[in-house]
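A.B. asks: Contents of input_30.cif (mmCIF, C-alpha atoms):
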```
data_coords
loop_
_atom_site.label_atom_id
_atom_site.label_comp_id
_atom_site.auth_asym_id
_atom_site.auth_seq_id
_atom_site.Cartn_x
_atom_site.Cartn_y
_atom_site.Cartn_z
CA MET A 216 28.05 4.76 -39.12
CA ALA A 217 28.45 6.39 -35.69
CA ASP A 218 29.85 4.33 -32.83
CA ILE A 219 26.92 3.71 -30.45
CA THR A 220 28.31 3.61 -26.92
CA PRO A 221 26.62 2.30 -23.75
CA GLN A 222 26.69 5.87 -22.40
CA MET A 223 24.65 7.05 -25.37
CA VAL A 224 22.12 4.28 -24.86
CA LYS A 225 21.85 5.15 -21.17
CA GLU A 226 21.37 8.84 -21.93
CA LEU A 227 18.60 8.12 -24.41
CA ARG A 228 16.95 5.78 -21.94
CA VAL A 229 16.91 8.50 -19.28
CA LYS A 230 15.41 10.96 -21.78
CA THR A 231 12.67 8.62 -22.99
CA ASP A 232 12.15 5.82 -20.44
CA ALA A 233 12.31 3.41 -23.38
CA GLY A 234 13.94 -0.02 -23.11
CA MET A 235 17.68 -0.47 -23.69
CA MET A 236 17.28 -2.43 -26.93
CA ASP A 237 14.79 0.11 -28.28
CA CYS A 238 17.23 2.93 -27.46
CA LYS A 239 20.14 1.18 -29.13
CA LYS A 240 18.06 0.48 -32.24
CA ALA A 241 16.91 4.11 -32.39
CA LEU A 242 20.48 5.39 -32.17
CA VAL A 243 21.61 3.00 -34.90
CA GLU A 244 18.73 4.06 -37.16
CA CYS A 245 19.51 7.74 -36.53
CA ASP A 246 23.29 7.36 -36.85
CA GLY A 247 23.92 8.46 -33.27
CA ASP A 248 21.86 11.67 -33.47
CA MET A 249 20.34 11.94 -29.97
CA ASP A 250 17.53 14.37 -30.85
CA ALA A 251 16.58 12.35 -33.91
CA ALA A 252 16.58 9.17 -31.81
CA VAL A 253 14.22 10.75 -29.29
CA LYS A 254 11.88 11.72 -32.13
CA TYR A 255 12.20 8.22 -33.62
CA LEU A 256 11.16 6.57 -30.34
CA ARG A 257 8.21 8.91 -29.95
CA GLU A 258 7.05 8.12 -33.44
CA LYS A 259 7.47 4.38 -32.87
CA GLY A 260 5.75 4.04 -29.54
CA ILE A 261 6.59 6.56 -26.84
CA ALA A 262 3.62 8.72 -27.85
CA LYS A 263 1.46 5.62 -27.53
CA ALA A 264 2.85 4.95 -24.04
CA ALA A 265 2.15 8.54 -23.08
CA LYS A 266 -1.43 8.09 -24.20
CA LYS A 267 -1.69 5.05 -21.93
CA ALA A 268 -0.37 7.14 -19.05
CA ASP A 269 -3.40 9.44 -19.35
CA ARG A 270 -5.84 6.58 -18.83
CA GLU A 271 -7.24 5.76 -15.39
CA ALA A 272 -5.66 2.83 -13.57
CA ASN A 273 -8.08 1.84 -10.81
CA GLU A 274 -7.86 -1.96 -10.98
CA GLY A 275 -4.84 -4.02 -10.00
CA VAL A 276 -3.74 -5.85 -6.88
CA VAL A 277 -2.61 -5.31 -3.30
CA THR A 278 0.23 -7.66 -2.31
CA THR A 279 2.01 -8.50 0.94
CA LEU A 280 5.33 -10.29 1.44
CA VAL A 281 6.39 -11.27 4.96
CA GLU A 282 9.49 -13.08 6.12
CA GLY A 283 10.29 -13.30 9.81
CA LYS A 284 10.17 -9.85 11.35
CA ASP A 285 10.17 -8.00 8.05
CA GLY A 286 7.16 -7.41 5.83
CA ILE A 287 6.02 -5.19 2.97
CA ILE A 288 2.67 -4.26 1.48
CA PHE A 289 2.22 -2.53 -1.85
CA GLU A 290 -0.38 -1.73 -4.50
CA ILE A 291 0.13 -1.78 -8.26
CA ASN A 292 -2.72 -0.60 -10.47
CA CYS A 293 -3.78 -1.34 -14.02
CA GLU A 294 -6.84 -0.33 -16.04
CA THR A 295 -9.00 -3.45 -16.16
CA ASP A 296 -9.92 -6.36 -13.92
CA PHE A 297 -9.12 -8.66 -16.85
CA CYS A 298 -5.53 -7.44 -16.88
CA SER A 299 -5.17 -7.66 -13.09
CA LYS A 300 -5.98 -11.37 -13.23
CA GLY A 301 -3.70 -12.07 -16.21
CA ASP A 302 -0.44 -14.02 -16.02
CA LYS A 303 1.70 -11.18 -17.39
CA PHE A 304 0.51 -8.65 -14.84
CA ARG A 305 0.76 -11.11 -11.94
CA ALA A 306 4.29 -12.10 -13.02
CA LEU A 307 5.28 -8.43 -13.17
CA VAL A 308 3.88 -7.81 -9.68
CA ALA A 309 5.79 -10.82 -8.34
CA GLU A 310 9.01 -9.64 -10.00
CA ILE A 311 8.69 -6.15 -8.54
CA GLY A 312 7.71 -7.60 -5.16
CA ALA A 313 10.85 -9.73 -5.04
CA ALA A 314 13.03 -6.69 -5.77
CA LEU A 315 11.27 -4.64 -3.09
CA LYS A 316 11.49 -7.39 -0.48
CA ALA A 317 15.23 -7.78 -1.12
CA SER A 318 15.73 -4.04 -0.71
CA THR A 319 15.70 -1.85 2.40
CA ALA A 320 13.09 0.57 1.02
CA LYS A 321 10.81 1.94 3.75
CA THR A 322 8.89 4.68 1.94
CA LEU A 323 7.04 4.95 -1.37
CA ASP A 324 9.75 7.19 -2.85
CA GLU A 325 12.45 4.74 -1.83
CA ALA A 326 10.45 1.84 -3.29
CA LEU A 327 10.04 3.61 -6.64
CA ASN A 328 13.81 3.98 -6.84
CA VAL A 329 14.69 0.36 -5.99
CA ALA A 330 16.95 -1.18 -8.66
CA ILE A 331 15.43 -3.78 -10.97
CA ASN A 332 16.74 -5.05 -14.32
CA GLY A 333 19.16 -2.16 -14.78
CA THR A 334 16.65 0.57 -14.01
CA THR A 335 14.27 1.60 -11.20
CA VAL A 336 10.92 0.14 -10.21
CA GLU A 337 9.17 3.31 -11.37
CA LYS A 338 10.80 3.32 -14.80
CA TYR A 339 10.55 -0.46 -15.22
CA LEU A 340 6.81 -0.33 -14.61
CA ALA A 341 6.48 2.47 -17.18
CA GLU A 342 8.44 0.40 -19.71
CA GLN A 343 6.10 -2.55 -19.20
CA CYS A 344 2.99 -0.56 -20.10
CA ALA A 345 3.51 -1.37 -23.78
CA ALA A 346 4.11 -5.07 -23.11
CA ILE A 347 1.05 -5.39 -20.86
CA GLY A 348 -1.05 -3.08 -23.02
CA GLU A 349 -2.42 -0.96 -20.18
CA ASN A 350 -1.46 2.02 -18.07
CA MET A 351 -0.01 0.90 -14.72
CA LYS A 352 0.86 2.77 -11.54
CA PHE A 353 2.72 1.94 -8.35
CA ARG A 354 0.35 3.63 -5.93
CA LYS A 355 1.17 2.68 -2.33
CA TYR A 356 3.89 0.99 -0.31
CA ALA A 357 4.81 0.39 3.33
CA ARG A 358 7.37 -1.69 5.22
CA TYR A 359 7.46 -2.97 8.80
CA THR A 360 10.62 -4.24 10.44
CA LEU A 361 9.85 -5.41 13.96
CA GLU A 362 12.35 -4.66 16.69
CA GLY A 363 12.21 -6.96 19.71
CA GLU A 364 9.88 -9.93 20.11
CA GLY A 365 6.62 -10.34 18.23
CA THR A 366 5.46 -10.94 14.71
CA ILE A 367 4.34 -9.35 11.48
CA ALA A 368 1.14 -10.82 10.09
CA SER A 369 -0.60 -10.18 6.79
CA TYR A 370 -3.87 -10.90 5.04
CA ILE A 371 -5.10 -10.50 1.49
CA HIS A 372 -8.85 -10.28 0.93
CA MET A 373 -10.85 -10.82 -2.27
CA GLY A 374 -7.85 -11.81 -4.37
CA GLY A 375 -5.96 -8.58 -3.74
CA LYS A 376 -8.75 -6.01 -3.41
CA VAL A 377 -7.80 -5.39 0.23
CA GLY A 378 -4.50 -6.07 1.99
CA VAL A 379 -3.46 -5.80 5.63
CA LEU A 380 -0.03 -5.69 7.27
CA LEU A 381 0.02 -5.92 11.08
CA GLN A 382 2.78 -5.53 13.64
CA VAL A 383 2.25 -7.07 17.11
CA ALA A 384 4.81 -7.05 19.92
CA CYS A 385 5.19 -9.39 22.88
CA GLY A 386 7.65 -9.80 25.75
CA ASN A 387 8.88 -13.36 25.24
CA ALA A 388 10.28 -15.14 22.19
CA ALA A 389 8.23 -18.25 23.03
CA THR A 390 5.00 -16.23 22.83
CA ALA A 391 5.64 -15.33 19.20
CA GLU A 392 5.70 -19.04 18.34
CA ALA A 393 2.57 -19.93 20.33
CA GLU A 394 -0.47 -21.03 18.34
CA GLY A 395 -2.79 -18.82 20.36
CA PHE A 396 -0.70 -15.74 19.61
CA ARG A 397 -0.50 -16.48 15.89
CA THR A 398 -4.23 -17.18 15.70
CA MET A 399 -4.96 -13.87 17.44
CA CYS A 400 -2.73 -11.95 15.01
CA LYS A 401 -4.41 -13.60 12.01
CA ASP A 402 -7.86 -12.84 13.42
CA ILE A 403 -6.92 -9.18 13.92
CA THR A 404 -5.80 -8.89 10.29
CA LEU A 405 -9.19 -10.28 9.24
CA HIS A 406 -10.90 -7.77 11.52
CA ILE A 407 -8.91 -4.86 10.06
CA ALA A 408 -9.80 -5.94 6.52
CA ALA A 409 -13.51 -6.12 7.40
CA CYS A 410 -13.88 -3.11 9.74
CA ALA A 411 -11.37 -0.64 8.24
CA PRO A 412 -10.18 1.14 11.40
CA LYS A 413 -8.30 4.40 10.90
CA SER A 414 -5.76 4.02 13.72
CA VAL A 415 -4.62 1.67 16.48
CA ASP A 416 -6.10 3.81 19.26
CA SER A 417 -7.28 7.34 20.04
CA THR A 418 -3.73 8.65 20.58
CA SER A 419 -2.79 7.82 16.99
CA LEU A 420 -6.00 9.04 15.36
CA ASP A 421 -5.44 11.99 13.02
CA PRO A 422 -6.28 15.18 14.99
CA ALA A 423 -7.55 16.85 11.81
CA PHE A 424 -10.01 13.98 11.29
CA VAL A 425 -11.20 14.25 14.91
CA ALA A 426 -11.66 18.02 14.65
CA GLU A 427 -13.61 17.70 11.41
CA GLU A 428 -15.90 15.02 12.85
CA GLN A 429 -16.52 17.14 15.95
CA GLU A 430 -17.50 20.11 13.78
CA ILE A 431 -19.89 17.91 11.81
CA ALA A 432 -21.42 16.54 15.02
CA LYS A 433 -21.79 20.06 16.42
CA ALA A 434 -23.53 21.27 13.26
CA GLN A 435 -25.90 18.28 13.34
CA LEU A 436 -26.79 18.89 16.98
CA LEU A 437 -27.52 22.55 16.32
CA ALA A 438 -29.64 21.58 13.31
CA GLU A 439 -31.61 19.27 15.61
CA GLY A 440 -32.37 22.24 17.83
CA LYS A 441 -30.03 21.38 20.70
CA PRO A 442 -29.08 24.48 22.75
CA GLU A 443 -25.47 25.50 22.21
CA ALA A 444 -24.97 25.57 25.98
CA LEU A 445 -25.54 21.79 26.11
CA LEU A 446 -23.06 20.93 23.39
CA GLU A 447 -20.12 20.65 25.79
CA LYS A 448 -21.99 17.91 27.63
CA ILE A 449 -23.09 16.06 24.48
CA LEU A 450 -19.92 16.22 22.36
CA PRO A 451 -17.76 14.01 24.65
CA GLY A 452 -20.25 11.19 24.07
CA LYS A 453 -20.01 11.78 20.33
CA LEU A 454 -16.21 11.66 20.59
CA LYS A 455 -16.33 8.36 22.46
CA ALA A 456 -18.57 6.93 19.74
CA LEU A 457 -16.09 8.16 17.12
CA TYR A 458 -13.24 6.33 18.86
CA LYS A 459 -15.32 3.16 19.05
CA GLN A 460 -16.00 3.37 15.34
CA SER A 461 -12.56 4.46 14.12
CA CYS A 462 -9.92 3.01 16.49
CA LEU A 463 -8.92 -0.63 16.21
CA MET A 464 -8.54 -1.28 19.94
CA SER A 465 -11.96 0.25 20.69
CA GLN A 466 -13.86 -1.65 17.99
CA GLU A 467 -15.99 -4.69 18.80
CA PHE A 468 -14.09 -7.76 17.62
CA VAL A 469 -15.67 -8.91 14.39
CA LYS A 470 -15.67 -12.61 15.40
CA ASP A 471 -17.03 -11.92 18.90
CA PRO A 472 -18.75 -8.54 19.36
CA SER A 473 -19.00 -9.14 23.10
CA VAL A 474 -15.35 -8.09 23.44
CA THR A 475 -13.32 -5.25 21.98
CA VAL A 476 -10.06 -5.88 20.15
CA GLU A 477 -8.29 -4.40 23.17
CA LYS A 478 -9.97 -6.96 25.43
CA LEU A 479 -9.14 -9.77 22.99
CA VAL A 480 -5.44 -8.85 23.10
CA ALA A 481 -5.50 -8.62 26.90
CA ASN A 482 -7.24 -12.01 27.23
CA VAL A 483 -4.78 -13.79 24.95
CA GLY A 484 -1.87 -12.14 26.75
CA LYS A 485 -3.23 -13.38 30.08
CA GLU A 486 -3.59 -16.93 28.71
CA LEU A 487 0.00 -16.88 27.47
CA GLY A 488 1.41 -15.14 30.53
CA ASP A 489 2.77 -12.23 28.53
CA THR A 490 2.05 -8.60 27.69
CA LEU A 491 0.95 -8.11 24.08
CA SER A 492 0.51 -4.89 22.15
CA VAL A 493 -0.61 -3.94 18.66
CA VAL A 494 2.15 -1.66 17.39
CA SER A 495 0.76 -0.57 14.02
CA PHE A 496 -1.09 -1.68 10.91
CA GLU A 497 -1.58 -0.80 7.27
CA ARG A 498 -4.79 -1.41 5.36
CA PHE A 499 -4.64 -0.87 1.60
CA GLN A 500 -7.88 -0.93 -0.37
CA LEU A 501 -7.54 -1.11 -4.12
CA GLY A 502 -7.97 2.30 -5.75
CA ALA A 503 -8.73 4.07 -2.47
#
```
What is this structure when it is put down as structure tokens?

C.D. replies:
Amino acid sequence: MADITPQMVKELRVKTDAGMMDCKKALVECDGDMDAAVKYLREKGIAKAAKKADREANEGVVTTLVEGKDGIIFEINCETDFCSKGDKFRALVAEIGAALKASTAKTLDEALNVAINGTTVEKYLAEQCAAIGENMKFRKYARYTLEGEGTIASYIHMGGKVGVLLQVACGNAATAEAEGFRTMCKDITLHIAACAPKSVDSTSLDPAFVAEEQEIAKAQLLAEGKPEALLEKILPGKLKALYKQSCLMSQEFVKDPSVTVEKLVANVGKELGDTLSVVSFERFQLGA
């Protein structure tokens, strides 16, 4: 019988994404023949896993983990709502979340390559498809690490269908601990979940999105019979309406439509004697 070394097991694992014990067993069964072991694993389950990988994974959960001035948000998908509510899937999400939170990963690519149980998050999730019985995907990820004073707030809506991560800065350390400041941050996360803004303000709105919306508005005005010469006077109003609809700071606050989010932040800052600013946010909607 061939001597099965850890290097051989590792090589087979890289080739197949199978678990370590499965790889070792395959090599033993095939007397150390690497090609035969690959074929063995495919016959015993890898082909089945590949079939799972072709199935749509549009259910799942959005999760946030925040500690101090560091927070992450990520989305892991599965095929069915039944699975997404199951103990095995939830435990897997928690395990991956803990590994991500302990890492320094800032981007999706970095998150997929975070070490977990002797492999990477991406490969570990693929390995667990057979155990869970469904195709799963790590779809989205973001991390905020706040520099200076302020806080990172989060909110999960509808059991993980929508998740929000928010970064708000202030000038004084005491402000970040004030109840009024924390209540405002929580309320803004609720607003973002409900109103789905596309950016913090007009300066951060995607220029391509703005250009496309302007072209649509122009085409609609022409279809309504508006003279092309008047479009330059009408389009600025359309653009203002677009900002009000799409930019967080311009939106009417969901809990009090008499003020915008920008006004809310200014009012709370005045009450606390500090200057507050919304730095950035992420809104993940399951499957979107």

A.B. asks: By how many Å are CA of Ser417 (chain A) and CA of Leu323 (chain A) apart?

C.D. replies: 25.9 Å

A.B. asks: Show me, as a ChimeraX atom specification, the residues that have an atom within 12 Å of His406 (chain A) when counting only C-alpha atoms, minus same-chain residues fewer than 2 positions from it.

C.D. replies: /A:369-372,377-381,399-404,408-412,462-464,466-472,475-476,479,496,498

A.B. asks: Quick one: residues within 8 Å of region 345-361 of chain A, all atoms listed in the file, excluding same-chain residues fewer than 5 positions away - as a ChimeraX atom specification?

C.D. replies: /A:264,267-272,284-294,298,303-304,320-323,326-327,337,340,366-367,382,384,497,499

A.B. asks: Find, counting all atoms listed in the file, the residue in A:Val474, A:Thr335, A:Leu420, A:Arg305 that gets nearest to Ser318 (chain A).

C.D. replies: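 For Ser318 (chain A), the nearest of the candidates is A:Thr335.
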
A.B. asks: Can you tell me, as a tab-separated table (two decimals) with C-alpha atoms, in the coordinates of the input, what residues are no more than 12 Å from Gln435 (chain A) when counting all atoms listed in the file, ignoring any on the same chain fewer than 5 positions away?

C.D. replies:
```tsv
chain	number	residue	atom	x	y	z
A	428	GLU	CA	-15.90	15.02	12.85
A	429	GLN	CA	-16.52	17.14	15.95
A	430	GLU	CA	-17.50	20.11	13.78
A	440	GLY	CA	-32.37	22.24	17.83
A	441	LYS	CA	-30.03	21.38	20.70
A	442	PRO	CA	-29.08	24.48	22.75
A	443	GLU	CA	-25.47	25.50	22.21
A	446	LEU	CA	-23.06	20.93	23.39
A	449	ILE	CA	-23.09	16.06	24.48
A	450	LEU	CA	-19.92	16.22	22.36
A	453	LYS	CA	-20.01	11.78	20.33
```

A.B. asks: Please determine, counting all atoms listed in the file, which residue among A:Val276, A:Leu227, A:Ile311, A:Leu445 has the shortest atom-to-atom distance to Thr295 (chain A).

C.D. replies: A:Val276

A.B. asks: Residues at most 9 Å from Gly363 (chain A), counting all atoms listed in the file, excluding those fewer than 5 positions away in the same chain, as a PyMOL selection string?

C.D. replies: chain A and resi 384-386+388

A.B. asks: Which protein, DNA or RNA residues are at most 10 Å from (-0.1, -16.0, 21.9) in the file's coordinates when you count only C-alpha atoms, listed as a PyMOL selection string?

C.D. replies: chain A and resi 365+385+387+389-400+480+482-491

A.B. asks: Using all atoms listed in the file, which of A:Ala252, A:Ala330, A:Val308, A:Ile431 sits nearest Gln343 (chain A)?

C.D. replies: A:Val308

A.B. asks: What separation in Å, quoted to one decimal, exists between CA of Gln222 (chain A) and CA of Ala251 (chain A)?

C.D. replies: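 Separating CA of Gln222 (chain A) from CA of Ala251 (chain A) is a distance of 16.6 Å.
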
A.B. asks: Step by step, gather every atom of region 381-396 of chain A that the file lists, find the box along x, y and z that holds them, add 3 Å on each side, and finally give centre and edge lengths in Å to one decimal, as AutoDock Vina command-line options.

C.D. replies:
```
--center_x 3.7 --center_y -13.3 --center_z 18.4 --size_x 19.1 --size_y 21.5 --size_z 20.7
```

A.B. asks: Just how far from CA of Lys455 (chain A) is CA of Glu439 (chain A), in Å to one decimal?

C.D. replies: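 Distance reported for this atom pair: 20.0 Å.
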
A.B. asks: Take the PyMOL selection byres ((chain A and resi 333) around 12), apply it to the structure above, and return the hits as a list in words.

C.D. replies: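 So the PyMOL selection byres ((chain A and resi 333) around 12) ends up selecting Lys225, Arg228, Val229, Gly234, Met235, Ala314, Asn328, Val329, Ala330, Ile331, Asn332, Thr334, Thr335, Val336, Glu337, Lys338 and Tyr339 of chain A.
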